[in-house]
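Peer 1: File structure-v5.cif below, mmCIF, C-alpha atoms:
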data_upload
loop_
_atom_site.label_atom_id
_atom_site.label_comp_id
_atom_site.auth_asym_id
_atom_site.auth_seq_id
_atom_site.Cartn_x
_atom_site.Cartn_y
_atom_site.Cartn_z
CA MET A 1470 151.07 -56.59 28.74
CA PRO A 1471 152.08 -60.15 29.60
CA GLY A 1472 155.19 -61.71 28.14
CA PRO A 1473 155.56 -65.28 26.86
CA ARG A 1474 153.76 -67.83 28.97
CA PRO A 1475 155.92 -70.59 30.43
CA THR A 1476 153.45 -73.28 29.46
CA ALA A 1477 150.35 -73.35 27.28
CA ALA A 1478 147.31 -75.33 28.28
CA GLU A 1479 144.82 -76.52 25.69
CA PRO A 1480 141.27 -75.51 26.69
CA ALA A 1481 138.91 -78.31 27.51
CA GLY A 1482 137.43 -79.72 24.35
CA ARG A 1483 134.45 -81.83 25.30
CA ALA A 1484 131.88 -81.89 22.52
CA GLU A 1485 129.34 -79.92 24.55
CA GLY A 1486 128.12 -76.36 24.27
CA PRO A 1487 128.65 -74.20 21.17
CA LEU A 1488 131.86 -75.28 19.42
CA THR A 1489 132.25 -72.18 17.25
CA ALA A 1490 131.55 -68.48 17.58
CA ALA A 1491 128.87 -68.81 14.90
CA GLU A 1492 127.14 -71.57 16.87
CA ALA A 1493 127.29 -69.43 20.00
CA THR A 1494 125.76 -66.50 18.12
CA ARG A 1495 122.93 -68.65 16.77
CA ALA A 1496 122.28 -70.06 20.24
CA VAL A 1497 122.21 -66.55 21.72
CA GLU A 1498 119.69 -65.49 19.07
CA THR A 1499 117.41 -68.27 20.33
CA VAL A 1500 117.89 -67.23 23.96
CA LEU A 1501 117.41 -63.58 23.06
CA GLY A 1502 114.20 -64.31 21.19
CA ALA A 1503 112.74 -66.15 24.19
CA VAL A 1504 113.82 -63.37 26.54
CA LEU A 1505 112.29 -60.67 24.35
CA ASP A 1506 109.01 -62.57 24.06
CA ALA A 1507 108.84 -62.92 27.84
CA ARG A 1508 109.74 -59.28 28.50
CA LEU A 1509 107.15 -58.06 26.01
CA ARG A 1510 104.46 -60.16 27.68
CA ARG A 1511 105.41 -58.76 31.07
CA ALA A 1512 105.32 -55.24 29.65
CA GLY A 1513 101.79 -55.92 28.46
CA ASP A 1514 100.85 -56.98 31.97
CA VAL A 1515 102.20 -53.67 33.27
CA ASP A 1516 100.47 -51.41 30.74
CA ALA A 1517 99.22 -51.98 27.20
CA VAL A 1518 100.20 -48.53 25.89
CA PHE A 1519 103.73 -48.84 27.32
CA ALA A 1520 104.07 -52.29 25.77
CA ARG A 1521 102.90 -51.07 22.37
CA ASP A 1522 104.85 -47.79 22.21
CA VAL A 1523 108.07 -48.56 24.12
CA ALA A 1524 108.64 -52.27 24.81
CA GLY A 1525 107.44 -53.27 21.35
CA PRO A 1526 109.84 -50.97 19.46
CA VAL A 1527 112.72 -52.05 21.72
CA THR A 1528 112.13 -55.74 21.01
CA ALA A 1529 111.78 -54.99 17.28
CA PHE A 1530 115.03 -53.01 17.31
CA VAL A 1531 116.95 -55.81 19.02
CA ARG A 1532 115.56 -58.38 16.60
CA ARG A 1533 116.62 -56.19 13.66
CA GLY A 1534 120.07 -57.65 13.91
CA GLY A 1535 123.56 -56.29 14.26
CA LYS A 1536 126.95 -57.95 14.06
CA ARG A 1537 126.55 -59.70 17.45
CA LEU A 1538 130.31 -59.33 17.82
CA ARG A 1539 130.19 -58.96 21.60
CA THR A 1540 128.52 -62.36 21.96
CA ALA A 1541 131.14 -63.95 19.71
CA PHE A 1542 134.01 -62.37 21.62
CA ALA A 1543 132.52 -63.54 24.94
CA TRP A 1544 132.51 -67.09 23.52
CA CYS A 1545 136.20 -66.68 22.53
CA GLY A 1546 137.08 -65.61 26.07
CA TRP A 1547 135.17 -68.55 27.51
CA ARG A 1548 136.88 -71.07 25.25
CA ALA A 1549 140.34 -69.53 25.66
CA ALA A 1550 139.96 -69.96 29.42
CA GLY A 1551 138.98 -73.63 29.02
CA GLY A 1552 135.21 -73.19 28.91
CA ALA A 1553 133.23 -76.25 27.83
CA GLY A 1554 130.10 -78.12 28.77
CA ASP A 1555 127.01 -76.26 29.97
CA ALA A 1556 127.00 -72.87 28.23
CA THR A 1557 123.75 -71.54 29.74
CA ALA A 1558 125.40 -68.71 31.68
CA LEU A 1559 127.54 -67.76 28.69
CA LEU A 1560 124.54 -67.60 26.36
CA ARG A 1561 122.53 -65.50 28.77
CA THR A 1562 125.52 -63.21 29.19
CA GLY A 1563 125.69 -62.89 25.41
CA ALA A 1564 122.01 -61.99 25.27
CA ALA A 1565 122.55 -59.38 28.00
CA LEU A 1566 125.37 -57.86 25.94
CA GLU A 1567 123.07 -57.52 22.94
CA LEU A 1568 120.45 -55.74 25.07
CA LEU A 1569 123.12 -53.42 26.49
CA GLN A 1570 124.21 -52.68 22.93
CA ALA A 1571 120.63 -51.77 22.05
CA CYS A 1572 120.57 -49.28 24.92
CA ALA A 1573 123.86 -47.75 23.79
CA LEU A 1574 122.76 -47.41 20.17
CA ILE A 1575 119.35 -45.93 20.99
CA HIS A 1576 120.87 -43.31 23.28
CA ASP A 1577 123.80 -42.65 20.93
CA ASP A 1578 121.45 -41.96 18.02
CA VAL A 1579 119.47 -39.50 20.14
CA MET A 1580 122.62 -37.64 21.16
CA ASP A 1581 124.03 -37.58 17.64
CA GLY A 1582 120.72 -36.94 15.89
CA SER A 1583 121.36 -39.92 13.61
CA PRO A 1584 118.38 -40.82 11.40
CA LEU A 1585 119.35 -44.39 10.51
CA ARG A 1586 120.44 -47.49 12.40
CA ARG A 1587 120.74 -51.08 11.23
CA GLY A 1588 119.29 -50.21 7.87
CA GLY A 1589 116.11 -48.66 9.28
CA PRO A 1590 114.90 -45.58 11.14
CA ALA A 1591 116.64 -44.83 14.43
CA MET A 1592 114.42 -45.26 17.49
CA HIS A 1593 113.71 -41.55 17.94
CA VAL A 1594 112.89 -41.16 14.23
CA GLY A 1595 110.32 -43.95 14.43
CA LEU A 1596 108.80 -42.31 17.49
CA VAL A 1597 108.51 -38.97 15.68
CA ARG A 1598 106.53 -40.76 12.98
CA MET A 1599 104.34 -42.44 15.58
CA HIS A 1600 103.58 -39.07 17.19
CA ARG A 1601 102.57 -37.56 13.88
CA THR A 1602 100.54 -40.57 12.75
CA ALA A 1603 98.60 -40.58 16.02
CA ARG A 1604 98.12 -36.79 15.75
CA MET A 1605 99.40 -36.23 19.25
CA THR A 1606 99.81 -32.71 20.59
CA GLY A 1607 103.09 -30.92 21.30
CA SER A 1608 106.45 -31.21 19.62
CA PRO A 1609 107.00 -34.59 17.91
CA GLU A 1610 110.77 -34.21 18.30
CA SER A 1611 110.59 -33.47 22.03
CA PHE A 1612 108.25 -36.39 22.61
CA ALA A 1613 110.43 -38.74 20.54
CA THR A 1614 113.62 -37.75 22.37
CA SER A 1615 112.05 -38.40 25.76
CA ALA A 1616 110.47 -41.68 24.67
CA ALA A 1617 113.71 -42.89 23.05
CA VAL A 1618 115.63 -42.22 26.26
CA LEU A 1619 113.07 -44.36 28.09
CA ALA A 1620 113.36 -47.07 25.42
CA GLY A 1621 117.13 -47.17 25.92
CA ASP A 1622 116.65 -47.30 29.68
CA LEU A 1623 114.29 -50.25 29.27
CA ALA A 1624 116.85 -52.14 27.18
CA LEU A 1625 119.44 -51.47 29.90
CA ALA A 1626 117.07 -52.72 32.61
CA TRP A 1627 116.43 -55.90 30.66
CA ALA A 1628 120.17 -56.37 30.15
CA ASP A 1629 120.88 -55.94 33.87
CA ASP A 1630 118.10 -58.36 34.80
CA LEU A 1631 119.45 -61.00 32.45
CA LEU A 1632 123.07 -60.62 33.54
CA THR A 1633 122.05 -60.76 37.19
CA GLU A 1634 120.15 -63.99 36.55
CA ALA A 1635 123.23 -65.44 34.80
CA ALA A 1636 125.48 -64.39 37.69
CA LEU A 1637 123.16 -65.87 40.31
CA GLY A 1638 123.11 -69.18 38.44
CA SER A 1639 126.89 -69.44 38.08
CA PRO A 1640 129.51 -70.37 40.67
CA TYR A 1641 131.60 -67.56 39.17
CA GLY A 1642 128.81 -64.99 39.45
CA PRO A 1643 130.73 -62.40 41.51
CA ARG A 1644 133.56 -62.29 38.93
CA LEU A 1645 131.06 -62.01 36.10
CA TYR A 1646 129.17 -59.19 37.79
CA ARG A 1647 132.34 -57.20 38.57
CA GLU A 1648 133.25 -57.21 34.89
CA TRP A 1649 129.72 -56.12 34.00
CA GLN A 1650 129.73 -53.28 36.54
CA ALA A 1651 133.04 -51.95 35.21
CA MET A 1652 131.88 -52.17 31.61
CA ARG A 1653 128.71 -50.17 32.23
CA SER A 1654 130.64 -47.33 33.88
CA GLU A 1655 133.26 -47.31 31.12
CA MET A 1656 130.56 -47.13 28.47
CA VAL A 1657 128.95 -44.08 30.07
CA ALA A 1658 132.35 -42.45 30.63
CA GLY A 1659 133.23 -42.93 26.97
CA GLN A 1660 129.95 -41.46 25.78
CA TYR A 1661 130.40 -38.45 28.07
CA ARG A 1662 133.96 -37.88 26.91
CA ASP A 1663 132.62 -37.99 23.35
CA ILE A 1664 130.05 -35.22 23.87
CA HIS A 1665 132.50 -33.30 26.10
CA ALA A 1666 135.09 -33.28 23.33
CA GLN A 1667 132.52 -31.92 20.89
CA ALA A 1668 131.42 -29.22 23.33
CA THR A 1669 134.98 -28.09 24.06
CA GLY A 1670 136.20 -28.38 20.47
CA SER A 1671 138.97 -30.80 21.45
CA SER A 1672 141.38 -31.86 18.71
CA GLY A 1673 143.90 -33.88 20.72
CA VAL A 1674 145.08 -37.31 19.68
CA ASP A 1675 145.21 -38.43 23.32
CA ASP A 1676 141.60 -37.36 23.87
CA ALA A 1677 140.55 -39.20 20.73
CA LEU A 1678 142.27 -42.39 21.88
CA THR A 1679 140.72 -42.13 25.35
CA ILE A 1680 137.25 -41.87 23.82
CA ALA A 1681 137.91 -44.75 21.42
CA THR A 1682 139.18 -46.92 24.26
CA LEU A 1683 136.38 -46.20 26.73
CA LYS A 1684 133.53 -46.05 24.27
CA SER A 1685 134.44 -48.97 22.05
CA ALA A 1686 137.63 -50.95 22.69
CA LEU A 1687 136.72 -51.94 26.25
CA TYR A 1688 133.03 -52.32 25.64
CA THR A 1689 133.15 -54.14 22.31
CA VAL A 1690 136.00 -56.60 22.78
CA GLU A 1691 138.00 -56.41 26.01
CA ARG A 1692 135.14 -56.71 28.49
CA PRO A 1693 133.20 -59.34 26.49
CA LEU A 1694 136.36 -61.47 26.36
CA ALA A 1695 136.79 -61.05 30.12
CA LEU A 1696 133.09 -61.77 30.78
CA GLY A 1697 133.41 -65.06 28.94
CA ALA A 1698 136.66 -65.92 30.67
CA SER A 1699 135.18 -65.21 34.10
CA LEU A 1700 132.61 -67.97 33.49
CA ALA A 1701 135.46 -70.45 33.04
CA ALA A 1702 137.38 -69.41 36.16
CA ALA A 1703 140.25 -68.00 34.08
CA ASP A 1704 143.60 -67.52 35.80
CA GLU A 1705 145.28 -64.10 35.98
CA TRP A 1706 147.60 -64.85 33.06
CA THR A 1707 144.75 -65.72 30.73
CA VAL A 1708 142.69 -62.70 31.74
CA ALA A 1709 145.65 -60.34 31.29
CA SER A 1710 146.37 -61.77 27.84
CA LEU A 1711 142.71 -61.48 26.87
CA ARG A 1712 142.56 -57.88 28.07
CA SER A 1713 145.58 -56.96 25.95
CA ALA A 1714 144.13 -58.78 22.95
CA GLY A 1715 140.77 -57.11 23.43
CA ARG A 1716 142.23 -53.63 23.84
CA CYS A 1717 144.11 -53.91 20.55
CA ALA A 1718 141.30 -55.54 18.59
CA GLY A 1719 138.74 -53.14 20.04
CA LEU A 1720 140.74 -50.09 19.02
CA ALA A 1721 141.11 -51.57 15.53
CA PHE A 1722 137.32 -51.94 15.43
CA GLN A 1723 136.72 -48.32 16.46
CA LEU A 1724 139.27 -46.91 14.02
CA ARG A 1725 137.59 -48.89 11.22
CA ASP A 1726 134.25 -47.50 12.35
CA ASP A 1727 135.72 -43.98 12.17
CA LEU A 1728 136.83 -44.59 8.59
CA LEU A 1729 133.44 -46.00 7.65
CA GLY A 1730 131.79 -42.99 9.25
CA ALA A 1731 133.73 -40.72 6.94
CA PHE A 1732 134.05 -42.81 3.77
CA GLY A 1733 131.69 -45.80 4.06
CA ASP A 1734 128.71 -46.76 1.94
CA PRO A 1735 125.39 -46.33 3.82
CA GLU A 1736 123.97 -49.30 1.90
CA LEU A 1737 126.61 -51.48 3.55
CA THR A 1738 126.92 -49.83 6.97
CA GLY A 1739 123.21 -49.28 7.59
CA LYS A 1740 123.81 -45.72 8.82
CA PRO A 1741 124.55 -42.34 7.20
CA THR A 1742 128.04 -41.48 6.01
CA GLY A 1743 129.52 -38.12 6.92
CA ASP A 1744 127.53 -37.46 10.09
CA ASP A 1745 130.69 -37.56 12.23
CA LEU A 1746 132.27 -34.99 9.92
CA ARG A 1747 129.13 -32.86 9.78
CA SER A 1748 129.02 -32.64 13.58
CA ARG A 1749 132.83 -32.51 13.78
CA LYS A 1750 132.98 -35.42 16.21
CA LEU A 1751 136.45 -36.01 17.62
CA THR A 1752 137.87 -39.24 16.21
CA TYR A 1753 141.41 -40.53 15.99
CA LEU A 1754 141.16 -40.01 12.23
CA LEU A 1755 140.32 -36.32 12.65
CA ALA A 1756 142.91 -35.73 15.36
CA VAL A 1757 145.67 -37.33 13.30
CA ALA A 1758 144.68 -35.31 10.22
CA LEU A 1759 144.89 -32.06 12.18
CA ARG A 1760 148.29 -32.98 13.59
CA LEU A 1761 149.59 -33.85 10.12
CA ALA A 1762 148.12 -30.67 8.63
CA ASP A 1763 149.86 -28.55 11.28
CA ALA A 1764 153.14 -30.38 10.79
CA ASP A 1765 153.01 -29.92 7.00
CA GLY A 1766 151.77 -26.35 7.11
CA ASP A 1767 148.58 -27.30 5.28
CA GLU A 1768 146.51 -24.31 6.38
CA GLU A 1769 143.52 -25.22 4.20
CA ALA A 1770 143.21 -28.68 5.78
CA ALA A 1771 143.73 -27.30 9.30
CA ALA A 1772 141.02 -24.69 8.75
CA VAL A 1773 138.38 -27.04 7.37
CA LEU A 1774 139.00 -29.62 10.13
CA ALA A 1775 139.15 -27.10 12.99
CA PRO A 1776 136.33 -26.75 15.56
CA GLY A 1777 133.41 -24.55 14.58
CA ALA A 1778 129.96 -23.77 15.89
CA ALA A 1779 128.03 -24.21 12.66
CA ALA A 1780 126.99 -27.57 11.24
CA ARG A 1781 128.96 -28.50 8.14
CA SER A 1782 127.31 -28.28 4.74
CA ASP A 1783 127.64 -31.08 2.18
CA GLU A 1784 130.32 -29.04 0.42
CA ILE A 1785 132.32 -28.60 3.65
CA VAL A 1786 132.00 -32.32 4.42
CA GLU A 1787 133.47 -33.12 1.01
CA ARG A 1788 136.35 -30.74 1.69
CA MET A 1789 136.92 -32.46 5.03
CA ARG A 1790 137.08 -35.85 3.30
CA ALA A 1791 139.61 -34.45 0.84
CA ALA A 1792 141.69 -33.11 3.73
CA LEU A 1793 141.65 -36.50 5.47
CA GLU A 1794 143.01 -38.03 2.27
CA ARG A 1795 145.50 -35.28 1.39
CA THR A 1796 147.13 -35.13 4.82
CA GLY A 1797 147.73 -38.89 4.74
CA ALA A 1798 145.52 -39.42 7.80
CA ARG A 1799 143.35 -42.03 6.11
CA ALA A 1800 146.37 -44.10 5.07
CA LEU A 1801 147.96 -43.74 8.51
CA VAL A 1802 144.80 -44.95 10.24
CA GLU A 1803 144.57 -47.93 7.87
CA SER A 1804 148.12 -48.86 8.84
CA LYS A 1805 147.34 -48.41 12.53
CA ILE A 1806 144.34 -50.73 12.21
CA GLU A 1807 146.50 -53.42 10.63
CA ASP A 1808 149.11 -53.14 13.41
CA LEU A 1809 146.47 -53.29 16.14
CA ALA A 1810 144.73 -56.29 14.59
CA ALA A 1811 148.00 -58.21 14.38
CA ALA A 1812 148.90 -57.30 17.97
CA GLY A 1813 145.49 -58.51 19.14
CA LEU A 1814 146.13 -61.92 17.62
CA ARG A 1815 149.56 -62.18 19.22
CA HIS A 1816 148.17 -61.43 22.68
CA PHE A 1817 145.32 -63.88 22.23
CA ALA A 1818 147.76 -66.64 21.27
CA ARG A 1819 149.47 -66.19 24.66
CA THR A 1820 146.38 -67.55 26.40
CA GLY A 1821 147.31 -71.01 25.20
CA ALA A 1822 144.01 -71.36 23.34
CA GLY A 1823 144.01 -74.15 20.78
CA PRO A 1824 144.29 -73.44 17.03
CA PRO A 1825 140.52 -73.67 16.36
CA VAL A 1826 139.75 -70.98 18.95
CA GLN A 1827 142.62 -68.81 17.72
CA GLU A 1828 141.25 -69.09 14.19
CA GLU A 1829 137.79 -68.10 15.41
CA PHE A 1830 139.24 -65.05 17.14
CA ALA A 1831 141.22 -64.11 14.03
CA SER A 1832 138.06 -64.32 11.93
CA LEU A 1833 136.22 -62.04 14.36
CA VAL A 1834 139.06 -59.53 14.36
CA GLU A 1835 138.95 -59.52 10.57
CA ARG A 1836 135.19 -58.85 10.64
CA ALA A 1837 135.57 -56.09 13.20
CA SER A 1838 138.59 -54.35 11.72
CA GLY A 1839 138.27 -55.01 8.00
CA ILE A 1840 141.82 -56.37 8.11
CA ALA A 1841 142.95 -59.95 7.64
CA PRO A 1842 146.07 -59.89 9.88
CA GLY A 1843 149.09 -61.15 8.00
CA ARG A 1844 147.28 -61.04 4.66
CA GLY A 1845 147.20 -57.30 4.08
CA LYS A 1846 144.44 -54.73 4.09
CA GLU A 1847 140.94 -55.59 2.90
CA SER A 1848 137.79 -53.55 2.70
CA MET A 1849 135.02 -54.33 5.14
#
What would the structure in this file look like if it were written as structure tokens?
Peer 2:
Amino acid sequence: MPGPRPTAAEPAGRAEGPLTAAEATRAVETVLGAVLDARLRRAGDVDAVFARDVAGPVTAFVRRGGKRLRTAFAWCGWRAAGGAGDATALLRTGAALELLQACALIHDDVMDGSPLRRGGPAMHVGLVRMHRTARMTGSPESFATSAAVLAGDLALAWADDLLTEAALGSPYGPRLYREWQAMRSEMVAGQYRDIHAQATGSSGVDDALTIATLKSALYTVERPLALGASLAAADEWTVASLRSAGRCAGLAFQLRDDLLGAFGDPELTGKPTGDDLRSRKLTYLLAVALRLADADGDEEAAAVLAPGAAARSDEIVERMRAALERTGARALVESKIEDLAAAGLRHFARTGAGPPVQEEFASLVERASGIAPGRGKESM
């Protein structure tokens, strides 16, 4: 992690391009809408059934929303590195990130068997309904799984196309594309480590942190910051500071997501609560609880949190929640989130970004982590 910078340079501040993360997000929504319209038309030219059953649901899923945090963090990286003026490449990069996120969520829901996403049916659930409504033959679930995998692949193809176009139109295209290539591999590695941990019954804290880093911290914050910075020809100091900031803030985001997965309100999160516990997914929260249970000799907590072949009943899930509370794991993770969020802000400040950009980054970290650094813990 970089130490104090000898000098701090204020990023360029010409009144061009999006001046706030919110403006960047709104501008990306416009770009994304135009891209989705064009891709759907092209899909129709390829095949009408494919457009209706696959491309259509993908465009609808992307339009259904999401936090758009990756776009906002890319803007922060761009501005911290002195980005100003024409933001076309940045906005198209942001739109590509949102399409990549759609791919990740569609595939993740298939692998986890999650029924809800963004307040509506997950992609594979909607495809099961389509199969039944159309009175198709064969297993609805098998059809929906296969079709959802293809839907995720389509979102990934669209994301790659858009990022490639942005790279070809930018003088910093090679740097941009290298960050993108690394991010895609890290995302797949994180997802594999996730399902590998479940299959092997891993309970290790180190494994949990590796998964959280690969699957979320890099992909959600660190790489988007670096993607934005690459479009402003960032120097090595700035990129290193942004990477450190993104790693900390991204881990804070994932640990908050773990807590919401165990204790959150589905009406607020848009997805079921308790699924991670029911499937006994390895999270930092679970790993810490097991370590604390072993250290304290809490055999009941250790037993209910231990690996097992059978899916957990509602009663077992409630006992797992109680164990996460009783061992002190929930409180420890809350404290860890606060420390990580604060560290992320400190690293970001070392870029020399001006106060407005630092405030934007702080606001995003608060949204992602549920913590207002320096002002105590808050619920998300």
Peer 1: Give as a compact mmCIF listing (two decimals) with C-alpha atoms, keeping the file's coordinate frame the residues that the PyMOL selection byres ((chain A and resi 1628) around 7) matches when applied to the coordinates above.
Peer 2:
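This went into out05.txt:
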# COMPACT_ATOMS: atom_id res chain seq x y z
CA ALA A 1565 122.55 -59.38 28.00
CA LEU A 1566 125.37 -57.86 25.94
CA LEU A 1568 120.45 -55.74 25.07
CA LEU A 1569 123.12 -53.42 26.49
CA ALA A 1624 116.85 -52.14 27.18
CA LEU A 1625 119.44 -51.47 29.90
CA ALA A 1626 117.07 -52.72 32.61
CA TRP A 1627 116.43 -55.90 30.66
CA ASP A 1629 120.88 -55.94 33.87
CA ASP A 1630 118.10 -58.36 34.80
CA LEU A 1631 119.45 -61.00 32.45
CA LEU A 1632 123.07 -60.62 33.54
Peer 1: Skipping near chain neighbours, those fewer than 6 positions away, what residues fall within 6 Å of region 1814-1820 of chain A using only C-alpha atoms, listed as a VMD selection string?
Peer 2: chain A and resid 1707 1710 to 1711 1714
Peer 1: Running the PyMOL selection byres ((chain A and resi 1527) around 8) on this model by hand, what would come out? Give it as number ranges by chain.
Peer 2: A: 1523-1526, 1528-1531, 1571, 1620-1621, 1623-1624
Peer 1: For His1600 (chain A), which residue among A:Asp1522, A:Asp1726, A:Glu1567, A:Asp1506 is the nearest when counting all atoms listed in the file?
Peer 2: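 Closest candidate: A:Asp1522.
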Peer 1: Nearest residue to Arg1561 (chain A) out of A:Ser1608, A:Ser1583, A:Thr1633, A:Thr1796, using all atoms listed in the file?
Peer 2: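 For Arg1561 (chain A), the nearest of the given residues is A:Thr1633.
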Peer 1: List every residue of region 1474-1537 of chain A that has an atom at most 12 Å from any atom of region 1833-1840 of chain A, and for each one report the closest atom pair and its distance in Å to one decimal, counting all atoms listed in the file, with rows sorted by chain and then by increasing residue number, as CSV.
Peer 2:
residue,atom,partner,partner_atom,distance
A:Thr1489,CA,A:Leu1833,CA,11.3
A:Ala1490,CA,A:Leu1833,CA,8.6
A:Ala1491,CA,A:Leu1833,CA,10.0
A:Thr1494,CA,A:Leu1833,CA,12.0
A:Lys1536,CA,A:Ala1837,CA,8.9
A:Arg1537,CA,A:Leu1833,CA,10.4
Peer 1: Given the file above and the PyMOL selection byres ((chain A and resi 1782) around 12), which residues are selected, and can you give them as a PyMOL selection string?
Peer 2: chain A and resi 1743-1744+1746-1749+1773+1779-1781+1783-1789
Peer 1: Any chance you can output those residues with C-alpha atoms as a JSON list (two decimals), in the frame of the given file?
Peer 2:
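Writing the result to again_23.json gives the following:
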[["chain", "number", "residue", "atom", "x", "y", "z"],
["A", 1743, "GLY", "CA", 129.52, -38.12, 6.92],
["A", 1744, "ASP", "CA", 127.53, -37.46, 10.09],
["A", 1746, "LEU", "CA", 132.27, -34.99, 9.92],
["A", 1747, "ARG", "CA", 129.13, -32.86, 9.78],
["A", 1748, "SER", "CA", 129.02, -32.64, 13.58],
["A", 1749, "ARG", "CA", 132.83, -32.51, 13.78],
["A", 1773, "VAL", "CA", 138.38, -27.04, 7.37],
["A", 1779, "ALA", "CA", 128.03, -24.21, 12.66],
["A", 1780, "ALA", "CA", 126.99, -27.57, 11.24],
["A", 1781, "ARG", "CA", 128.96, -28.50, 8.14],
["A", 1783, "ASP", "CA", 127.64, -31.08, 2.18],
["A", 1784, "GLU", "CA", 130.32, -29.04, 0.42],
["A", 1785, "ILE", "CA", 132.32, -28.60, 3.65],
["A", 1786, "VAL", "CA", 132.00, -32.32, 4.42],
["A", 1787, "GLU", "CA", 133.47, -33.12, 1.01],
["A", 1788, "ARG", "CA", 136.35, -30.74, 1.69],
["A", 1789, "MET", "CA", 136.92, -32.46, 5.03]]
Peer 1: Show me, as CSV, the residues of region 1702-1756 of chain A having an atom within 10 Å of region 1642-1666 of chain A, each with the closest atom pair and its distance in Å, using all atoms listed in the file.
Peer 2:
residue,atom,partner,partner_atom,distance
A:Ala1702,CA,A:Arg1644,CA,8.5
A:Arg1749,CA,A:Ala1666,CA,9.8
A:Lys1750,CA,A:Asp1663,CA,7.6
A:Leu1751,CA,A:Ala1666,CA,6.5
A:Thr1752,CA,A:Asp1663,CA,9.0
Peer 1: Could you work out how far CA of Gly1582 (chain A) lies from CA of Thr1742 (chain A), giving the answer in Å with one decimal?
Peer 2: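 For CA of Thr1742 (chain A) relative to CA of Gly1582 (chain A), the distance reads 13.1 Å.
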Peer 1: Please compute the CA of Asp1765 (chain A)-CA of Ala1811 (chain A) distance, one decimal, in Å.
Peer 2: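 Interatomic distance here is 29.7 Å.
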Peer 1: Counting only C-alpha atoms, which of A:Val1826, A:Leu1687, A:Ile1575, A:Ala1616 gets nearest to Phe1722 (chain A)?
Peer 2: A:Leu1687
Peer 1: Between A:Val1618, A:Leu1505, A:Leu1754, A:Ala1543, which one has atoms that come closest to Ser1699 (chain A), using all atoms listed in the file?
Peer 2: A:Ala1543
Peer 1: What separation in Å, quoted to one decimal, exists between CA of Gly1486 (chain A) and CA of Gly1554 (chain A)?
Peer 2: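 If I compute the distance from CA of Gly1486 (chain A) to CA of Gly1554 (chain A), I get 5.2 Å.
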Peer 1: Determine the nearest neighbour of Ala1721 (chain A) from the options A:Arg1587, A:Arg1795, A:Arg1521, A:Lys1805, counting all atoms listed in the file.
Peer 2: A:Lys1805
Peer 1: Select, from A:Ala1635, A:Leu1538, A:Ala1695, A:Leu1759, the residue with the minimum atom-to-atom distance to Thr1562 (chain A), counting all atoms listed in the file.
Peer 2: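 Of the candidates, the smallest distance to Thr1562 (chain A) is held by A:Ala1635.
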Peer 1: Taking N, CA and C atoms as the atom set, what does region 1525-1536 of chain A look like once completed, written as a CSV table (one decimal), in the frame of the given file?
Peer 2:
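Result file is rebuild22.csv:
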chain,number,residue,atom,x,y,z
A,1525,GLY,N,107.5,-52.7,22.7
A,1525,GLY,CA,107.4,-53.3,21.4
A,1525,GLY,C,108.5,-52.8,20.4
A,1526,PRO,N,108.7,-51.5,20.3
A,1526,PRO,CA,109.8,-51.0,19.5
A,1526,PRO,C,111.2,-51.4,19.9
A,1527,VAL,N,111.4,-51.6,21.2
A,1527,VAL,CA,112.7,-52.0,21.7
A,1527,VAL,C,113.0,-53.5,21.3
A,1528,THR,N,112.0,-54.4,21.4
A,1528,THR,CA,112.1,-55.7,21.0
A,1528,THR,C,112.3,-55.8,19.5
A,1529,ALA,N,111.6,-55.0,18.7
A,1529,ALA,CA,111.8,-55.0,17.3
A,1529,ALA,C,113.2,-54.5,16.9
A,1530,PHE,N,113.7,-53.5,17.6
A,1530,PHE,CA,115.0,-53.0,17.3
A,1530,PHE,C,116.1,-54.1,17.6
A,1531,VAL,N,116.0,-54.8,18.7
A,1531,VAL,CA,117.0,-55.8,19.0
A,1531,VAL,C,116.9,-56.9,18.0
A,1532,ARG,N,115.7,-57.3,17.6
A,1532,ARG,CA,115.6,-58.4,16.6
A,1532,ARG,C,116.1,-58.0,15.2
A,1533,ARG,N,116.2,-56.7,15.0
A,1533,ARG,CA,116.6,-56.2,13.7
A,1533,ARG,C,118.1,-56.6,13.3
A,1534,GLY,N,118.8,-57.1,14.3
A,1534,GLY,CA,120.1,-57.6,13.9
A,1534,GLY,C,121.2,-56.9,14.5
A,1535,GLY,N,122.3,-56.8,13.8
A,1535,GLY,CA,123.6,-56.3,14.3
A,1535,GLY,C,124.6,-57.4,14.1
A,1536,LYS,N,125.8,-57.0,14.3
A,1536,LYS,CA,127.0,-58.0,14.1
A,1536,LYS,C,127.0,-59.0,15.1
